[in-house]
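Participant: Handing you this structure, nothing more for now.
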Amino acid sequence: MRYPQGGGLTAERRAFRERIRMEAAEMFAAGQDYTVVAKQLRVSVRSVQRWRATWQDGGQQALASRGSAARPKLSEALFAVLEQELARGPVAHGWRDQTWTLARVKTLIGRRFHKTLSLSAIAEMLHRHGFSHQVPARRALERDENAVTGWVKDTWPQVEAPRRSSAAGSSLRTRPASR
């Protein structure tokens, strides 16, 4: 099962639940009681009551699955426009640097499409369309790989804090030797 921010149920789980509702509709047509249907299908009596009311109003097709509850917030056409806007870069939209953040994309979507999406929904939508976390496209021209490697080997161990010894410690505030 997936949760609301993750997009709801999987297609298999939706199909399973729809099959249960269709079995319930057949039992309603046969005149079965709420409790019998609930016990046989292993669901709550309250669910059976809701399904029967829906079935009486719209028939068996009213109990059919309506698809995923987590439909895309932006259509493919709107996402294509968003992709063009993202390609223009953050500076073209009034930010000082060339870094896209989820908050900036959210602001852009609000300005351009007058829609509000959560940051997690934006991240999932971008990931679904092949975007990933921003990584610099190239390294600095002045970068000296030998100097970086030497610094990591020689200087970093001196700068890094020494690790705690593996000797047993004391939970007392005073040293054991002072007792």
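Identifiers for the structure tokens are assigned positionally: chains receive A, B, ... in sequence, residues are indexed from 1 per chain, and ligands are indexed from 1 in the order shown.
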Mind checking DSSP for segment 16-178 of chain A and telling me the helix (DSSP H, G or I) residues as a ChimeraX atom specification?

Facilitator: /A:16-29,34-41,45-58,60-63,76-88,91-93,102-113,119-128,145-159,176-178

Participant: Pull C-alpha atoms from the residues just selected and write them as a CSV table (one decimal), in the first residue's frame.

Facilitator:
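That gives us again-v8.csv:
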chain,number,residue,atom,x,y,z
A,16,PHE,CA,-8.5,-6.2,-6.1
A,17,ARG,CA,-10.7,-3.8,-4.2
A,18,GLU,CA,-12.9,-3.3,-7.3
A,19,ARG,CA,-13.3,-7.1,-7.6
A,20,ILE,CA,-14.5,-7.2,-4.0
A,21,ARG,CA,-17.1,-4.5,-4.7
A,22,MET,CA,-18.3,-6.3,-7.8
A,23,GLU,CA,-18.8,-9.5,-5.7
A,24,ALA,CA,-20.8,-7.4,-3.2
A,25,ALA,CA,-23.0,-6.1,-6.0
A,26,GLU,CA,-23.8,-9.7,-7.1
A,27,MET,CA,-24.7,-10.5,-3.5
A,28,PHE,CA,-26.9,-7.4,-3.3
A,29,ALA,CA,-28.7,-8.5,-6.4
A,34,TYR,CA,-25.4,-6.6,5.1
A,35,THR,CA,-23.8,-8.8,7.7
A,36,VAL,CA,-23.6,-11.9,5.5
A,37,VAL,CA,-21.9,-9.9,2.7
A,38,ALA,CA,-19.5,-8.3,5.2
A,39,LYS,CA,-18.6,-11.7,6.7
A,40,GLN,CA,-18.2,-13.5,3.4
A,41,LEU,CA,-16.0,-10.7,1.8
A,45,VAL,CA,-20.5,-3.8,7.7
A,46,ARG,CA,-20.2,0.0,7.2
A,47,SER,CA,-18.4,-0.5,3.9
A,48,VAL,CA,-21.1,-2.9,2.7
A,49,GLN,CA,-23.7,-0.3,3.7
A,50,ARG,CA,-22.0,2.4,1.6
A,51,TRP,CA,-21.5,0.1,-1.3
A,52,ARG,CA,-25.2,-0.9,-1.2
A,53,ALA,CA,-26.3,2.7,-1.2
A,54,THR,CA,-24.0,3.4,-4.1
A,55,TRP,CA,-25.2,0.3,-5.9
A,56,GLN,CA,-28.9,1.3,-5.4
A,57,ASP,CA,-28.2,4.8,-6.8
A,58,GLY,CA,-26.1,3.9,-9.8
A,60,GLN,CA,-22.9,-2.1,-10.6
A,61,GLN,CA,-21.0,0.4,-12.7
A,62,ALA,CA,-21.2,3.0,-9.9
A,63,LEU,CA,-19.0,0.6,-7.8
A,76,GLU,CA,1.5,16.7,-20.1
A,77,ALA,CA,1.0,19.9,-22.1
A,78,LEU,CA,1.5,22.0,-19.0
A,79,PHE,CA,4.5,20.0,-18.0
A,80,ALA,CA,6.0,20.6,-21.4
A,81,VAL,CA,5.6,24.4,-20.8
A,82,LEU,CA,7.1,24.0,-17.3
A,83,GLU,CA,10.1,22.2,-18.9
A,84,GLN,CA,10.7,25.1,-21.3
A,85,GLU,CA,10.5,27.6,-18.4
A,86,LEU,CA,13.0,25.5,-16.4
A,87,ALA,CA,15.3,25.4,-19.4
A,88,ARG,CA,15.3,29.2,-19.4
A,91,VAL,CA,17.9,34.0,-13.6
A,92,ALA,CA,15.3,34.5,-16.4
A,93,HIS,CA,12.6,34.3,-13.7
A,102,LEU,CA,11.9,22.8,-5.2
A,103,ALA,CA,10.7,26.0,-3.5
A,104,ARG,CA,11.6,28.0,-6.7
A,105,VAL,CA,9.9,25.5,-8.9
A,106,LYS,CA,6.8,25.7,-6.7
A,107,THR,CA,6.9,29.5,-7.0
A,108,LEU,CA,7.3,29.2,-10.8
A,109,ILE,CA,4.3,26.8,-11.0
A,110,GLY,CA,2.2,29.2,-8.9
A,111,ARG,CA,3.1,32.2,-11.1
A,112,ARG,CA,2.8,30.5,-14.4
A,113,PHE,CA,-0.1,28.1,-13.9
A,119,LEU,CA,7.2,20.2,-2.4
A,120,SER,CA,6.9,16.4,-2.3
A,121,ALA,CA,4.4,16.4,-5.2
A,122,ILE,CA,6.8,18.6,-7.2
A,123,ALA,CA,9.7,16.3,-6.4
A,124,GLU,CA,7.8,13.2,-7.5
A,125,MET,CA,6.5,14.9,-10.7
A,126,LEU,CA,10.0,16.0,-11.7
A,127,HIS,CA,11.5,12.6,-10.9
A,128,ARG,CA,8.7,10.9,-12.9
A,145,GLU,CA,43.4,17.0,-9.1
A,146,ASN,CA,46.9,16.2,-7.7
A,147,ALA,CA,46.5,19.1,-5.1
A,148,VAL,CA,43.1,17.8,-4.1
A,149,THR,CA,44.3,14.3,-3.7
A,150,GLY,CA,47.3,15.4,-1.6
A,151,TRP,CA,45.2,17.6,0.6
A,152,VAL,CA,42.8,14.7,1.3
A,153,LYS,CA,45.7,12.4,2.2
A,154,ASP,CA,47.9,14.8,4.1
A,155,THR,CA,45.9,17.8,5.5
A,156,TRP,CA,42.5,16.3,6.2
A,157,PRO,CA,43.6,13.7,8.7
A,158,GLN,CA,45.2,16.5,10.8
A,159,VAL,CA,42.1,18.7,10.6
A,176,PRO,CA,36.9,6.1,38.9
A,177,ALA,CA,40.6,6.6,40.0
A,178,SER,CA,39.6,9.5,42.2

Participant: Mind pulling up the distance from atom CA of Leu9 of chain A to atom CA of Gly59 of chain A?

Facilitator: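 Value for the atom CA of Gly59 of chain A-atom CA of Leu9 of chain A distance: 24.0 Å.
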
Participant: If you measure from atom CA of Ser65 of chain A to atom CA of Ala15 of chain A, what distance in Å do you get, rounded to one decimal?

Facilitator: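 The value is 7.5 Å.
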
Participant: What separation in Å, quoted to one decimal, exists between atom CA of Arg139 of chain A and atom CA of Gly89 of chain A?

Facilitator: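 So the two atoms, atom CA of Arg139 of chain A and atom CA of Gly89 of chain A, lie 19.4 Å apart.
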
Participant: Which of these, A:Ala30, A:Arg14, A:His133, A:Pro162, has the shortest distance to Thr99 of chain A once you count only C-alpha atoms?

Facilitator: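 When distances to Thr99 of chain A are compared using only C-alpha atoms, the smallest one comes from A:His133.
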